[in-house]
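Just below is one structure, and these are the notes that go with it.
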Amino acid sequence: MAASPSHPLPFQSGSKHIVVCGGGVIGACTAYFLSQNQNPPTSVTVVEKSSPACAASGKAGGFLALDWCDGGPMSSLARASFKLHKSLSQKLNGEEVYGYRAVTTLSVPVLSERVASSSASLRGFNLLPDWVDGETARPPKQIGTTETTAQVHPRLFTQTLLSASEAKVIKGEVETIIVENGHATGVVLKGNKEVIPADAVVLALGPWSNRLSPISELFSVSGLKAHSIVLRPAEPDKITPHALFLSYQPAPGAKMLDPEVYPRPTGEVYICGMSKDAEVPEDPESITGETESIEMLHKIAGTVSSHLKRDTVAEVIAEQACFLPCTDDGLPVIGELPGVKNCYVATGHSCWGILNGPATGASLAELILEGKSTTVDLKPFTPARFVKRRTRLGV
C-alpha cells in the first residue's frame, strides 16, 4: 500500500466509482452487480493484467451444483449462487449466449482397460447415455438431477457479465493501493504509474492475490494447478447433457484419479483432472499443461467413450492448465480488509469459483454500496478471521 497526497475524486456529487482489480469471474460478477445499483449512480473500472477470463475463469469446467456444499459454511453461498445463475440466464439469454443449461450428473467408475466379456453388462446400466461406452467397474450412480446441477461455458459467462456491466476495462497491473487516513482511495498501475482514483477498491485477483501486500500480510492464497483438454467429437449430436464424475485407476495399485467430463452445448466436450500444487507464475498467459497430465486425460477420455478418442474421431480443441486459488482453511475470502476502509477482497474460491461468482459479486456489491450483504451472510468468509488466528499464534 502507498500513501498519496490528497486529491479530489473526479466524480459527480453522490456518484460512486469502484475499481475492481481482476477480470476473472469474481471481478466480472462484482462489476455486474455494482453496475445494477444506480442509487447512488455507480461506475466501475476493471483493471486486468492480461485479458478477461484468461486464466481459470476461461479454462474451468463451468459445472454448477445447488447442494453439493450443504453441511458446511459454503452452503448458503452455493445455494444463493446457483439460483442467481438461473435468473441471470433468463435475464441475459444465457442458454444462447454462454451455454447455460441443466444437466444430469453421474458418478461413473471406469476401468483403465477394456474388458470384452463385460460389454454386455455395461448396457444394462440404463443410467448411462449411449455415448458412454467404456467399461465400468461397478454400476454408475446419479448424483445430480436437472433440478440440482447445471453448467455454463465459463469464459463466455465471464465475458457476458463483464460486457453487461458496461465497466471500463483497462489493461494493466495494480502495483499499489493508495491509502489516505486509513481509507483506500485508488490504485497505482505498474509501469506508467497511472493513478486511478476510486471510492472503493475490490481485489479479485485469484491465485495472484498474494502479489499485493494488504493481502500477503494477512493471509496466503496458493495455487492448485489443474489440467484440462477440450475435444470436439465427430458426431457431437450424439453427446447428451450428462456431466460425469469418474473414478479411474490407471494401473493396479495406482492412486485413484477423479477426472470430470462436461459435454457443452457448443458440441465440445471438456475433460479435467490431474491437479497438483505448484508455483503460480507471474504471467497467466505463460501457463501450459504438463505433457504427462495431458496424455493421461486423453487416455481417460478415450477409455470412457469411443467418441472421445483423440485424432481418430475427436478433434483436439485445447490442451491447457490453470491455477485455482486456495486458502489455508479451504474457504473463500470475501469482505473488507481489516484496517483499510473501502478496500475489499474476493478470492480463494478454489474449484467453485464459477458456481459462486454471482453470489459473491452480489453480496460484495451490497456490502460496498449499502454497508451490509443481504444475499449471503459473509461472516464465515470475512478476512478478519485471519487476524484472530494470527493473534492466537502470536504473529
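Scheme for the C-alpha cells: letters A, B, ... for chains in order shown; per-chain residue numbers from 1; ligand numbers from 1 in order shown.
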
Per-residue nearest contacts of segment 41-115 of chain A to segment 163-184 of chain A (6 Å; only C-alpha atoms) as a tab-separated table:
```
residue	atom	partner	partner_atom	distance
A:Val44	CA	A:Ala167	CA	4.9
A:Thr45	CA	A:Lys168	CA	4.6
A:Val46	CA	A:Val169	CA	4.7
A:Val47	CA	A:Ile170	CA	4.9
A:Glu48	CA	A:Lys171	CA	5.1
A:Lys49	CA	A:Gly172	CA	4.6
```

* Using only C-alpha atoms, which residues sit within 10 Å of Gln38 of chain A once same-chain residues fewer than 5 positions away are excluded, as a ChimeraX atom specification? -> /A:15-16,43,369

Grab the residues selected above and save them as a tab-separated table (two decimals), in the first residue's frame with N, CA, C and O atoms.
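File result.tsv, as written:
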```tsv
chain	number	residue	atom	x	y	z
A	15	SER	N	-22.27	10.33	-6.81
A	15	SER	CA	-21.95	9.14	-7.60
A	15	SER	C	-20.80	8.37	-6.96
A	15	SER	O	-20.05	8.90	-6.15
A	16	LYS	N	-20.67	7.12	-7.35
A	16	LYS	CA	-19.61	6.27	-6.82
A	16	LYS	C	-18.81	5.67	-7.97
A	16	LYS	O	-19.38	5.30	-9.01
A	43	SER	N	-20.27	3.78	-11.21
A	43	SER	CA	-19.48	3.39	-12.37
A	43	SER	C	-18.34	2.49	-11.92
A	43	SER	O	-17.89	2.57	-10.77
A	369	LEU	N	-21.92	-0.87	-1.29
A	369	LEU	CA	-22.83	0.25	-1.54
A	369	LEU	C	-23.84	0.48	-0.42
A	369	LEU	O	-24.34	1.60	-0.25
```

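With only C-alpha atoms taken into account, the protein and nucleic acid residues at most 7 Å from segment 270-274 of chain A (excluding it and anything under 2 positions from it in its own chain) are A:Gly61, A:Ala226, A:His227, A:Ser228, A:Ile229, A:Val230, A:Leu231, A:Asp258, A:Pro259, A:Glu260, A:Val261, A:Tyr262, A:Pro263, A:Glu268, A:Lys276, A:Ser293, A:Leu297.
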
* Write out as a VMD selection string the residues lying within 9 Å of Arg79 of chain A, counting only C-alpha atoms and excluding same-chain residues fewer than 5 positions away. => chain A and resid 65 to 70 74 84 356 359

* **Asn37 of chain A environment, 12 Å, only C-alpha atoms, sequence neighbours closer than 3 positions dropped, as a PyMOL selection string** => chain A and resi 15-18+30-34+40-44+165+362+365-366+368-370

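Here the residues within segment 131-198 of chain A that DSSP labels strand (DSSP E or B) on the basis of the backbone are Thr136, Lys141, Gln142, Ile143, Gly144, Thr149, Ala150, Gln151, Lys168, Val169, Ile170, Lys171, Val174, Glu175, Thr176, Ile177, Ile178, Val179, Glu180, His183, Ala184, Thr185, Gly186, Val187, Val188, Leu189, Val195, Ile196 and Pro197 of chain A.
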
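The spacing separating atom CA of Pro52 of chain A from atom CA of Ser89 of chain A amounts to 19.7 Å.
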
* Asked: If you run DSSP on the backbone, which residues of segment 59-299 of chain A are helix (DSSP H, G or I), as an NGL selection string?
  -> :A and (59 or 75-92 or 94-97 or 116-122 or 154-165 or 206-211 or 213-216 or 236-238 or 284-286 or 291-299)

Write out as a PDB file with C-alpha atoms, in the first residue's frame which residues come within 12 Å of Pro252 of chain A when counting only C-alpha atoms, dropping same-chain ones fewer than 4 positions away.
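Once everything was written out, this is part_28.pdb:
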```pdb
ATOM      1  CA  LEU A 111     -11.636 -49.427 -15.686  1.00  0.00           C
ATOM      2  CA  SER A 112      -8.331 -48.476 -17.294  1.00  0.00           C
ATOM      3  CA  GLU A 113      -8.536 -51.401 -19.741  1.00  0.00           C
ATOM      4  CA  TYR A 248     -10.248 -44.096 -12.589  1.00  0.00           C
ATOM      5  CA  MET A 256      -7.231 -43.400  -7.883  1.00  0.00           C
TER       6      MET A 256
END
```

* Asked: So which residues touch Asn93 of chain A within 12 Å, counting only C-alpha atoms, skipping near sequence neighbours fewer than 6 positions away, as an NGL selection string?
  -> :A and (85-87 or 99-101 or 152 or 156-157 or 160-161 or 164)

Write to file, as a tab-separated table (two decimals), in the first residue's frame, the residues of the selection just made, with N, CA and C atoms.
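File produced: again_19.tsv:
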```tsv
chain	number	residue	atom	x	y	z
A	85	HIS	N	-27.50	-17.92	-10.88
A	85	HIS	CA	-27.12	-18.37	-12.22
A	85	HIS	C	-28.36	-18.56	-13.09
A	86	LYS	N	-29.40	-19.15	-12.51
A	86	LYS	CA	-30.61	-19.40	-13.28
A	86	LYS	C	-31.30	-18.09	-13.67
A	87	SER	N	-31.39	-17.17	-12.72
A	87	SER	CA	-32.05	-15.89	-13.02
A	87	SER	C	-31.22	-15.04	-13.98
A	99	GLY	N	-24.15	-20.76	-22.99
A	99	GLY	CA	-24.27	-22.20	-22.81
A	99	GLY	C	-24.83	-22.66	-21.48
A	100	TYR	N	-25.67	-21.84	-20.85
A	100	TYR	CA	-26.30	-22.29	-19.61
A	100	TYR	C	-27.32	-23.39	-19.92
A	101	ARG	N	-27.26	-24.46	-19.18
A	101	ARG	CA	-28.28	-25.50	-19.29
A	101	ARG	C	-28.21	-26.42	-18.08
A	152	VAL	N	-22.35	-23.79	-17.29
A	152	VAL	CA	-22.15	-22.65	-18.18
A	152	VAL	C	-20.81	-22.83	-18.87
A	156	LEU	N	-17.31	-17.62	-21.68
A	156	LEU	CA	-18.41	-16.84	-22.25
A	156	LEU	C	-19.26	-16.21	-21.16
A	157	PHE	N	-19.45	-16.92	-20.06
A	157	PHE	CA	-20.22	-16.37	-18.94
A	157	PHE	C	-19.51	-15.14	-18.37
A	160	THR	N	-19.67	-12.23	-20.76
A	160	THR	CA	-21.02	-11.69	-20.85
A	160	THR	C	-21.33	-10.78	-19.66
A	161	LEU	N	-21.00	-11.24	-18.45
A	161	LEU	CA	-21.25	-10.42	-17.26
A	161	LEU	C	-20.44	-9.13	-17.31
A	164	ALA	N	-22.05	-6.81	-19.84
A	164	ALA	CA	-23.32	-6.29	-19.35
A	164	ALA	C	-23.13	-5.25	-18.26
```

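When only C-alpha atoms are used to compute distances to Cys54 of chain A, the closest of the residues A:Thr240, A:Ser363, A:Gln159, A:Ser222 turns out to be A:Gln159.
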
Which residues of segment 41-76 of chain A come within 10 Å of segment 302-321 of chain A, and for each one, what is the closest pair of atoms and their distance in Å to one decimal, counting only C-alpha atoms, sorted by chain and residue number, as JSON lines?
```
{"residue": "A:Ala55", "atom": "CA", "partner": "A:Ala321", "partner_atom": "CA", "distance": 8.5}
{"residue": "A:Ala56", "atom": "CA", "partner": "A:Ala321", "partner_atom": "CA", "distance": 8.1}
{"residue": "A:Lys59", "atom": "CA", "partner": "A:Ala321", "partner_atom": "CA", "distance": 7.2}
{"residue": "A:Ala60", "atom": "CA", "partner": "A:Ala321", "partner_atom": "CA", "distance": 9.1}
```

Would you save the residues from that selection as an mmCIF file, in the first residue's frame, using N, CA, C and O atoms?
```cif
data_model
loop_
_atom_site.group_PDB
_atom_site.id
_atom_site.type_symbol
_atom_site.label_atom_id
_atom_site.label_comp_id
_atom_site.auth_asym_id
_atom_site.auth_seq_id
_atom_site.Cartn_x
_atom_site.Cartn_y
_atom_site.Cartn_z
ATOM 1 N N ALA A 55 -7.494 -16.812 -17.375
ATOM 2 C CA ALA A 55 -6.935 -17.866 -16.528
ATOM 3 C C ALA A 55 -8.014 -18.893 -16.179
ATOM 4 O O ALA A 55 -8.711 -19.377 -17.063
ATOM 5 N N ALA A 56 -8.185 -19.213 -14.885
ATOM 6 C CA ALA A 56 -9.131 -20.268 -14.502
ATOM 7 C C ALA A 56 -10.553 -19.963 -14.942
ATOM 8 O O ALA A 56 -11.323 -20.867 -15.263
ATOM 9 N N LYS A 59 -10.794 -21.354 -18.338
ATOM 10 C CA LYS A 59 -10.349 -22.729 -18.558
ATOM 11 C C LYS A 59 -10.996 -23.721 -17.594
ATOM 12 O O LYS A 59 -10.615 -24.886 -17.559
ATOM 13 N N ALA A 60 -11.960 -23.252 -16.827
ATOM 14 C CA ALA A 60 -12.651 -24.128 -15.877
ATOM 15 C C ALA A 60 -13.722 -24.949 -16.581
ATOM 16 O O ALA A 60 -13.979 -24.779 -17.772
#
```

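Atom CA of Gly335 of chain A sits 23.1 Å away from atom CA of Leu64 of chain A.
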
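Between Thr158 of chain A and the candidates A:Glu336, A:Val97, A:Ala198, A:Ser75, the tightest atom-to-atom separation, counting only C-alpha atoms, involves A:Val97.
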
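Proximity of A:Tyr98, A:Phe82, A:Trp131, A:Phe381 to Ala150 of chain A, computed with only C-alpha atoms, is greatest for A:Phe82.
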
* Asked: A:Val195, A:Ala346, A:Ala200, A:Leu106: which is nearest Ala28 of chain A, counting only C-alpha atoms?
  -> A:Ala346
